[in-house]
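Chemist: Below you'll find query_14.cif; it's mmCIF, C-alpha atoms.
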```cif
data_my_file
#
loop_
_atom_site.label_atom_id
_atom_site.label_comp_id
_atom_site.auth_asym_id
_atom_site.auth_seq_id
_atom_site.Cartn_x
_atom_site.Cartn_y
_atom_site.Cartn_z
CA MET K 23 6.36 25.33 5.90
CA LYS K 24 7.40 24.31 2.40
CA PHE K 25 8.99 21.01 1.44
CA SER K 26 10.46 19.80 -1.83
CA GLN K 27 8.07 17.46 -3.59
CA GLU K 28 10.52 16.46 -6.31
CA ARG K 29 11.35 12.80 -6.72
CA GLN K 30 12.83 11.86 -10.07
CA LEU K 31 12.23 8.34 -11.29
CA ASP K 32 13.94 8.65 -14.65
CA LYS K 33 17.42 8.31 -13.17
CA GLY K 34 19.09 5.23 -11.72
CA GLN K 35 16.56 2.84 -13.18
CA ASN K 36 17.38 -0.66 -11.97
CA MET K 37 14.59 -2.63 -13.70
CA ARG K 38 14.38 -4.78 -10.59
CA LEU K 39 10.88 -5.92 -11.55
CA LYS K 40 11.47 -6.52 -15.25
CA GLY K 41 9.11 -9.15 -16.60
CA LYS K 42 6.90 -9.16 -13.49
CA ILE K 43 3.20 -8.41 -13.22
CA ALA K 44 1.85 -6.62 -10.14
CA ILE K 45 -1.54 -5.80 -8.66
CA VAL K 46 -1.74 -2.63 -6.58
CA THR K 47 -4.94 -1.99 -4.66
CA GLY K 48 -6.04 1.56 -3.92
CA ALA K 49 -3.78 2.74 -6.74
CA GLY K 50 -5.79 5.72 -7.91
CA GLN K 51 -3.95 8.19 -5.71
CA GLY K 52 -1.48 8.64 -2.88
CA ILE K 53 0.75 5.80 -1.77
CA GLY K 54 -0.95 3.30 -4.08
CA ARG K 55 -0.24 5.48 -7.09
CA GLY K 56 3.34 5.95 -5.94
CA ILE K 57 3.82 2.19 -5.67
CA ALA K 58 2.22 1.50 -9.05
CA GLU K 59 4.35 4.07 -10.87
CA VAL K 60 7.60 2.98 -9.22
CA PHE K 61 6.78 -0.64 -10.06
CA ALA K 62 6.37 0.36 -13.70
CA HIS K 63 9.59 2.36 -13.59
CA GLU K 64 11.29 -0.81 -12.35
CA GLY K 65 9.92 -2.84 -15.26
CA ALA K 66 6.61 -4.30 -14.05
CA ASP K 67 3.26 -4.37 -15.81
CA VAL K 68 0.60 -3.15 -13.39
CA VAL K 69 -3.01 -3.87 -12.56
CA ILE K 70 -4.48 -0.69 -11.09
CA ASN K 71 -7.28 -1.33 -8.64
CA ASP K 72 -9.45 1.25 -6.95
CA LEU K 73 -13.10 1.51 -6.01
CA THR K 74 -13.98 3.06 -9.36
CA ALA K 75 -12.40 3.64 -12.75
CA ASP K 76 -12.14 7.37 -13.23
CA SER K 77 -9.81 10.15 -14.34
CA ARG K 78 -7.39 9.38 -11.51
CA THR K 79 -6.94 5.72 -12.39
CA ASP K 80 -6.78 6.60 -16.10
CA GLU K 81 -3.97 9.04 -15.39
CA VAL K 82 -2.01 6.41 -13.46
CA ALA K 83 -2.52 3.91 -16.28
CA ASN K 84 -1.33 6.42 -18.89
CA ASN K 85 1.76 7.24 -16.81
CA ILE K 86 2.60 3.55 -16.66
CA ARG K 87 2.06 3.04 -20.39
CA ASN K 88 4.28 6.03 -21.08
CA LYS K 89 7.05 4.11 -19.33
CA GLY K 90 6.61 1.34 -21.89
CA ARG K 91 4.75 -1.01 -19.57
CA ARG K 92 1.28 -2.56 -19.79
CA ALA K 93 -1.44 -1.29 -17.48
CA ILE K 94 -5.09 -2.13 -16.93
CA VAL K 95 -7.61 -0.58 -14.57
CA VAL K 96 -9.78 -3.07 -12.69
CA PRO K 97 -12.19 -1.32 -10.32
CA GLY K 98 -13.62 -3.14 -7.35
CA ASP K 99 -14.15 -3.06 -3.60
CA VAL K 100 -11.47 -5.39 -2.27
CA SER K 101 -13.29 -5.73 1.05
CA ARG K 102 -15.82 -7.88 -0.85
CA ARG K 103 -14.94 -11.44 -1.78
CA SER K 104 -16.70 -11.34 -5.15
CA ASP K 105 -14.82 -8.20 -6.19
CA VAL K 106 -11.50 -9.65 -5.04
CA GLU K 107 -11.97 -12.77 -7.16
CA ARG K 108 -13.01 -10.68 -10.16
CA VAL K 109 -9.94 -8.44 -9.86
CA PHE K 110 -7.61 -11.44 -9.80
CA ASP K 111 -9.46 -13.29 -12.56
CA THR K 112 -9.25 -10.21 -14.78
CA ALA K 113 -5.57 -9.69 -14.05
CA TRP K 114 -4.69 -13.27 -14.94
CA ALA K 115 -6.84 -13.18 -18.08
CA GLU K 116 -5.62 -9.84 -19.47
CA LEU K 117 -2.00 -9.59 -18.37
CA GLY K 118 -1.02 -13.10 -17.28
CA PRO K 119 0.03 -14.74 -14.00
CA VAL K 120 0.67 -12.12 -11.32
CA ASP K 121 3.97 -12.08 -9.41
CA VAL K 122 3.47 -9.24 -6.93
CA LEU K 123 0.57 -8.04 -4.80
CA ALA K 124 0.69 -4.66 -3.03
CA ASN K 125 -2.16 -4.44 -0.54
CA ASN K 126 -2.57 -0.69 -0.20
CA ALA K 127 -6.33 -0.02 -0.15
CA GLY K 128 -7.39 1.62 3.08
CA ILE K 129 -9.42 4.37 4.73
CA GLU K 130 -8.97 6.53 7.81
CA THR K 131 -11.51 8.39 9.93
CA ILE K 132 -10.87 10.33 13.12
CA ILE K 133 -13.53 9.71 15.75
CA PRO K 134 -13.29 10.01 19.55
CA PHE K 135 -13.27 6.62 21.26
CA THR K 136 -16.46 7.17 23.23
CA GLU K 137 -18.33 8.26 20.09
CA LEU K 138 -17.19 5.42 17.83
CA THR K 139 -20.08 3.34 16.43
CA ASP K 140 -20.20 -0.30 15.38
CA GLU K 141 -20.62 0.76 11.77
CA GLN K 142 -17.60 3.08 11.88
CA TRP K 143 -15.43 0.39 13.47
CA GLU K 144 -16.48 -2.21 10.90
CA ALA K 145 -16.02 0.11 7.92
CA VAL K 146 -12.38 0.82 8.81
CA THR K 147 -11.36 -2.65 9.96
CA THR K 148 -13.04 -4.31 6.99
CA THR K 149 -11.38 -2.06 4.42
CA ASN K 150 -7.97 -1.96 6.08
CA LEU K 151 -7.56 -5.48 7.42
CA LYS K 152 -10.08 -7.86 5.89
CA SER K 153 -9.24 -6.69 2.38
CA GLU K 154 -5.55 -7.49 2.85
CA TRP K 155 -6.40 -10.95 4.17
CA MET K 156 -8.78 -11.71 1.28
CA CYS K 157 -6.49 -10.38 -1.44
CA SER K 158 -3.51 -12.25 0.01
CA GLN K 159 -5.52 -15.45 0.22
CA ALA K 160 -6.79 -15.19 -3.35
CA PHE K 161 -3.26 -14.46 -4.57
CA CYS K 162 -1.62 -17.30 -2.65
CA ARG K 163 -4.24 -19.83 -3.70
CA ARG K 164 -3.49 -19.11 -7.34
CA LEU K 165 0.28 -19.16 -6.90
CA ILE K 166 0.24 -22.43 -4.98
CA ALA K 167 -2.08 -24.07 -7.52
CA GLU K 168 0.29 -23.04 -10.32
CA GLY K 169 3.48 -23.86 -8.41
CA ARG K 170 4.73 -20.30 -8.74
CA LYS K 171 6.61 -17.99 -6.38
CA GLY K 172 5.53 -14.47 -5.52
CA SER K 173 5.72 -11.52 -3.19
CA ILE K 174 3.14 -9.67 -1.10
CA ILE K 175 3.67 -6.20 0.31
CA ASN K 176 1.11 -5.14 2.90
CA ILE K 177 0.71 -1.47 3.76
CA GLY K 178 0.23 -0.64 7.42
CA SER K 179 0.77 2.70 9.13
CA ILE K 180 2.99 4.51 11.60
CA GLN K 181 -0.08 4.46 13.81
CA ALA K 182 0.69 0.84 14.54
CA ALA K 183 3.37 2.28 16.85
CA ARG K 184 2.31 5.85 17.68
CA VAL K 185 -0.80 6.90 19.56
CA LEU K 186 -2.83 9.62 17.86
CA PRO K 187 -6.25 10.75 19.15
CA GLY K 188 -9.39 9.47 17.47
CA ARG K 189 -7.80 6.37 15.94
CA THR K 190 -8.90 3.58 18.30
CA HIS K 191 -10.38 1.81 15.27
CA TYR K 192 -7.77 2.76 12.66
CA ALA K 193 -4.62 2.00 14.67
CA PRO K 194 -5.62 -1.58 15.62
CA SER K 195 -6.50 -2.30 11.99
CA LYS K 196 -2.97 -1.30 10.99
CA LEU K 197 -1.13 -3.04 13.84
CA ALA K 198 -3.07 -6.21 13.01
CA ILE K 199 -1.58 -6.11 9.51
CA GLU K 200 1.83 -6.70 11.08
CA ALA K 201 0.58 -9.92 12.71
CA LEU K 202 -1.21 -10.89 9.51
CA THR K 203 2.05 -10.47 7.61
CA ARG K 204 4.04 -12.67 9.98
CA ASN K 205 1.48 -15.42 10.06
CA ILE K 206 0.85 -15.58 6.32
CA SER K 207 4.60 -15.59 5.67
CA ALA K 208 5.07 -18.55 8.01
CA GLU K 209 2.40 -20.58 6.20
CA VAL K 210 3.36 -19.86 2.59
CA GLY K 211 7.12 -19.50 2.83
CA ALA K 212 7.65 -23.12 1.85
CA ASN K 213 5.82 -22.33 -1.40
CA GLY K 214 8.28 -19.59 -2.25
CA ILE K 215 5.89 -16.77 -1.40
CA ARG K 216 7.33 -13.87 0.59
CA VAL K 217 5.16 -11.52 2.66
CA ASN K 218 6.32 -8.22 4.14
CA CYS K 219 4.78 -5.06 5.54
CA ILE K 220 5.58 -1.35 5.18
CA HIS K 221 4.41 1.10 7.83
CA PRO K 222 4.47 4.56 6.19
CA GLY K 223 4.86 7.70 8.26
CA LEU K 224 3.60 11.15 7.30
CA ILE K 225 3.39 10.87 3.52
CA ASP K 226 2.23 13.68 1.23
CA THR K 227 -1.05 12.20 0.01
CA PRO K 228 -4.64 13.43 -0.26
CA MET K 229 -5.40 11.59 3.00
CA ILE K 230 -3.16 13.90 5.05
CA GLN K 231 -3.60 17.20 3.23
CA TRP K 232 -5.57 18.43 6.20
CA VAL K 233 -2.34 18.18 8.22
CA LEU K 234 -0.05 19.66 5.55
CA ASN K 235 -2.39 22.63 5.12
CA ARG K 236 -2.56 23.45 8.82
CA PRO K 237 0.28 25.79 9.89
CA ASP K 238 -0.85 25.38 13.49
CA ILE K 239 -0.41 21.57 13.34
CA LEU K 240 2.24 20.73 10.74
CA PRO K 241 5.30 22.20 12.54
CA GLN K 242 4.46 20.22 15.67
CA VAL K 243 4.36 17.01 13.67
CA VAL K 244 7.45 17.68 11.58
CA THR K 245 9.59 18.38 14.65
CA GLN K 246 8.90 14.77 15.71
CA ILE K 247 10.36 13.44 12.43
CA SER K 248 14.15 13.05 12.37
CA LEU K 249 14.44 13.98 8.68
CA GLY K 250 12.29 17.04 9.25
CA ARG K 251 9.82 16.61 6.39
CA PRO K 252 6.91 14.54 5.11
CA GLY K 253 7.71 11.62 2.84
CA LEU K 254 6.62 11.14 -0.75
CA PRO K 255 4.55 8.29 -2.24
CA ALA K 256 7.48 7.36 -4.50
CA GLU K 257 9.65 6.85 -1.43
CA ILE K 258 7.23 4.19 -0.22
CA GLY K 259 7.11 2.82 -3.76
CA SER K 260 10.89 2.41 -3.85
CA VAL K 261 10.87 0.33 -0.68
CA ALA K 262 7.96 -1.73 -1.99
CA ALA K 263 9.87 -2.34 -5.23
CA PHE K 264 12.85 -3.63 -3.28
CA LEU K 265 10.67 -5.98 -1.22
CA ALA K 266 8.95 -7.19 -4.40
CA SER K 267 12.23 -7.82 -6.19
CA ASP K 268 14.61 -10.77 -6.19
CA GLU K 269 17.05 -8.56 -4.28
CA ALA K 270 14.86 -9.24 -1.22
CA SER K 271 14.75 -13.00 -1.84
CA TYR K 272 15.65 -13.77 1.80
CA VAL K 273 13.32 -11.21 3.38
CA THR K 274 9.91 -12.32 4.61
CA GLY K 275 7.65 -11.80 7.60
CA GLN K 276 9.15 -8.36 8.24
CA SER K 277 7.54 -5.01 9.04
CA LEU K 278 9.52 -1.90 8.13
CA TYR K 279 8.76 1.63 9.28
CA VAL K 280 9.37 4.06 6.42
CA ASP K 281 8.73 7.19 8.42
CA GLY K 282 11.73 9.50 8.26
CA GLY K 283 12.63 8.53 11.80
CA TRP K 284 9.30 9.41 13.43
CA VAL K 285 9.01 6.26 15.55
CA GLY K 286 12.61 6.40 16.71
CA LYS K 287 12.65 10.04 17.79
#
```
When written as structure tokens, how does the structure in this file appear?

Modeler:
Amino acid sequence: MKFSQERQLDKGQNMRLKGKIAIVTGAGQGIGRGIAEVFAHEGADVVINDLTADSRTDEVANNIRNKGRRAIVVPGDVSRRSDVERVFDTAWAELGPVDVLANNAGIETIIPFTELTDEQWEAVTTTNLKSEWMCSQAFCRRLIAEGRKGSIINIGSIQAARVLPGRTHYAPSKLAIEALTRNISAEVGANGIRVNCIHPGLIDTPMIQWVLNRPDILPQVVTQISLGRPGLPAEIGSVAAFLASDEASYVTGQSLYVDGGWVGK
């Protein structure tokens, strides 16, 4: 099965994020890269975070600079408090006060429930859930101290709503992000900080290439999606840009499935 992977970002530019500075975690590839590049297309300067600085993060940074925006790469493991603080300190020092945080860093493993170990559970839940809590907390502390407004976009997963084998550690980590989003939004809303969540469906990223390259599996999955195709990272980025923008000024505490109609079918 072949699907169009074209998504042009050089048309219909709204500059919804003009003058804003954003941090995107896990931005070296996949959905994080899509978010970072759409943010830049919409006028934002971007802090690119991933575990390491390498050719992938350099390519994302160059793409952003080619759009006329500033970009810096700040590597770090955002499941560690010291790295989180360093990422935010560097962002503030090199680009200025940050307006938008996109919590995208995450990992997925597929392990049968009865074989799942403590270490495997903790690795996934720490990276997927704890990192979003720590980054959000570090971000909100700075905004509140400075009396500034901001926006947080948390990235969950369709697996918060659909049962797939071998994800008894991954799925709870993503569903918990929905509760995290609601609760943070309730506590910081009075400070002008909005918090929302995107649950992506089947998105064409390195994480799911094993599905896209399996002709015995892909058709079964696609038939469950109303639009009949995988999504693209830029399509998640466009929704994130809306939620980060002033156009979504009255939207907070919400979780949106961007899945081509997979949940509803």

Chemist: Fewer than 5 positions away in the same chain doesn't count, so skip those; otherwise give me all residues within 6 Å of range 242-250 of chain K, counting all atoms listed in the file, as a list in words.

Modeler: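 Contacts, in chain order: Gly282, Gly283 and Trp284 of chain K.
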
Chemist: What separation in Å, quoted to one decimal, exists between CA of Ile132 in chain K and CA of Ala145 in chain K?

Modeler: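 Distance between the two atoms: 12.6 Å.
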
Chemist: How would you write, as a ChimeraX atom specification, the residues chosen by the PyMOL selection byres ((chain K and resi 79) around 12) on this structure?

Modeler: /K:46-52,54-55,58-59,68-78,80-86,93-97

Chemist: With C-alpha atoms retained, export the selected residues as a PDB file, in the coordinates of the input.

Modeler:
```pdb
ATOM      1  CA  VAL K  46      -1.740  -2.630  -6.580  1.00  0.00           C
ATOM      2  CA  THR K  47      -4.940  -1.990  -4.660  1.00  0.00           C
ATOM      3  CA  GLY K  48      -6.040   1.560  -3.920  1.00  0.00           C
ATOM      4  CA  ALA K  49      -3.780   2.740  -6.740  1.00  0.00           C
ATOM      5  CA  GLY K  50      -5.790   5.720  -7.910  1.00  0.00           C
ATOM      6  CA  GLN K  51      -3.950   8.190  -5.710  1.00  0.00           C
ATOM      7  CA  GLY K  52      -1.480   8.640  -2.880  1.00  0.00           C
ATOM      8  CA  GLY K  54      -0.950   3.300  -4.080  1.00  0.00           C
ATOM      9  CA  ARG K  55      -0.240   5.480  -7.090  1.00  0.00           C
ATOM     10  CA  ALA K  58       2.220   1.500  -9.050  1.00  0.00           C
ATOM     11  CA  GLU K  59       4.350   4.070 -10.870  1.00  0.00           C
ATOM     12  CA  VAL K  68       0.600  -3.150 -13.390  1.00  0.00           C
ATOM     13  CA  VAL K  69      -3.010  -3.870 -12.560  1.00  0.00           C
ATOM     14  CA  ILE K  70      -4.480  -0.690 -11.090  1.00  0.00           C
ATOM     15  CA  ASN K  71      -7.280  -1.330  -8.640  1.00  0.00           C
ATOM     16  CA  ASP K  72      -9.450   1.250  -6.950  1.00  0.00           C
ATOM     17  CA  LEU K  73     -13.100   1.510  -6.010  1.00  0.00           C
ATOM     18  CA  THR K  74     -13.980   3.060  -9.360  1.00  0.00           C
ATOM     19  CA  ALA K  75     -12.400   3.640 -12.750  1.00  0.00           C
ATOM     20  CA  ASP K  76     -12.140   7.370 -13.230  1.00  0.00           C
ATOM     21  CA  SER K  77      -9.810  10.150 -14.340  1.00  0.00           C
ATOM     22  CA  ARG K  78      -7.390   9.380 -11.510  1.00  0.00           C
ATOM     23  CA  ASP K  80      -6.780   6.600 -16.100  1.00  0.00           C
ATOM     24  CA  GLU K  81      -3.970   9.040 -15.390  1.00  0.00           C
ATOM     25  CA  VAL K  82      -2.010   6.410 -13.460  1.00  0.00           C
ATOM     26  CA  ALA K  83      -2.520   3.910 -16.280  1.00  0.00           C
ATOM     27  CA  ASN K  84      -1.330   6.420 -18.890  1.00  0.00           C
ATOM     28  CA  ASN K  85       1.760   7.240 -16.810  1.00  0.00           C
ATOM     29  CA  ILE K  86       2.600   3.550 -16.660  1.00  0.00           C
ATOM     30  CA  ALA K  93      -1.440  -1.290 -17.480  1.00  0.00           C
ATOM     31  CA  ILE K  94      -5.090  -2.130 -16.930  1.00  0.00           C
ATOM     32  CA  VAL K  95      -7.610  -0.580 -14.570  1.00  0.00           C
ATOM     33  CA  VAL K  96      -9.780  -3.070 -12.690  1.00  0.00           C
ATOM     34  CA  PRO K  97     -12.190  -1.320 -10.320  1.00  0.00           C
TER      35      PRO K  97
END
```

Chemist: Selection in question (the file shown): the PyMOL selection byres ((chain K and resi 130) around 8). Which residues does it include, as a PDB file with C-alpha atoms, in the coordinates of the input?

Modeler:
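Full text of selection_26.pdb as output:
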```pdb
ATOM      1  CA  GLY K 128      -7.390   1.620   3.080  1.00  0.00           C
ATOM      2  CA  ILE K 129      -9.420   4.370   4.730  1.00  0.00           C
ATOM      3  CA  THR K 131     -11.510   8.390   9.930  1.00  0.00           C
ATOM      4  CA  ILE K 132     -10.870  10.330  13.120  1.00  0.00           C
ATOM      5  CA  VAL K 146     -12.380   0.820   8.810  1.00  0.00           C
ATOM      6  CA  TYR K 192      -7.770   2.760  12.660  1.00  0.00           C
ATOM      7  CA  MET K 229      -5.400  11.590   3.000  1.00  0.00           C
TER       8      MET K 229
END
```

Chemist: Take the PyMOL selection byres ((chain K and resi 147) around 10), run it mentally on this structure, and tell me the resulting residues as a PDB file with C-alpha atoms, in the coordinates of the input.

Modeler:
```pdb
ATOM      1  CA  SER K 101     -13.290  -5.730   1.050  1.00  0.00           C
ATOM      2  CA  GLY K 128      -7.390   1.620   3.080  1.00  0.00           C
ATOM      3  CA  ILE K 129      -9.420   4.370   4.730  1.00  0.00           C
ATOM      4  CA  GLU K 130      -8.970   6.530   7.810  1.00  0.00           C
ATOM      5  CA  GLN K 142     -17.600   3.080  11.880  1.00  0.00           C
ATOM      6  CA  TRP K 143     -15.430   0.390  13.470  1.00  0.00           C
ATOM      7  CA  GLU K 144     -16.480  -2.210  10.900  1.00  0.00           C
ATOM      8  CA  ALA K 145     -16.020   0.110   7.920  1.00  0.00           C
ATOM      9  CA  VAL K 146     -12.380   0.820   8.810  1.00  0.00           C
ATOM     10  CA  THR K 148     -13.040  -4.310   6.990  1.00  0.00           C
ATOM     11  CA  THR K 149     -11.380  -2.060   4.420  1.00  0.00           C
ATOM     12  CA  ASN K 150      -7.970  -1.960   6.080  1.00  0.00           C
ATOM     13  CA  LEU K 151      -7.560  -5.480   7.420  1.00  0.00           C
ATOM     14  CA  LYS K 152     -10.080  -7.860   5.890  1.00  0.00           C
ATOM     15  CA  SER K 153      -9.240  -6.690   2.380  1.00  0.00           C
ATOM     16  CA  HIS K 191     -10.380   1.810  15.270  1.00  0.00           C
ATOM     17  CA  TYR K 192      -7.770   2.760  12.660  1.00  0.00           C
ATOM     18  CA  ALA K 193      -4.620   2.000  14.670  1.00  0.00           C
ATOM     19  CA  PRO K 194      -5.620  -1.580  15.620  1.00  0.00           C
ATOM     20  CA  SER K 195      -6.500  -2.300  11.990  1.00  0.00           C
ATOM     21  CA  LYS K 196      -2.970  -1.300  10.990  1.00  0.00           C
ATOM     22  CA  ALA K 198      -3.070  -6.210  13.010  1.00  0.00           C
TER      23      ALA K 198
END
```

Chemist: Taking all listed atoms of range 207-222 of chain K, build the axis-aligned box, pad each of the six sides by 6 Å, then write its centre and edge lengths in Å to one decimal as JSON.

Modeler:
```
{"center_x": 5.3, "center_y": -9.3, "center_z": 2.9, "size_x": 17.9, "size_y": 39.7, "size_z": 22.3}
```

Chemist: Determine the nearest neighbour of Asn88 in chain K from the options K:Arg38, K:His63, K:Arg184, K:Lys171, counting all atoms listed in the file.

Modeler: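 Result for the nearest residue to Asn88 in chain K: K:His63.
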
Chemist: Could you tell me which of K:Ser207, K:Phe135, K:Arg102, K:Leu278 comes closest to Leu186 in chain K if we count only C-alpha atoms?

Modeler: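 Among the listed residues, the smallest separation from Leu186 in chain K belongs to K:Phe135.
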
Chemist: Out of K:Lys40, K:Arg92, K:Arg103, K:His221, which residue has the shortest atom-to-atom distance to Ile177 in chain K when counting only C-alpha atoms?

Modeler: K:His221
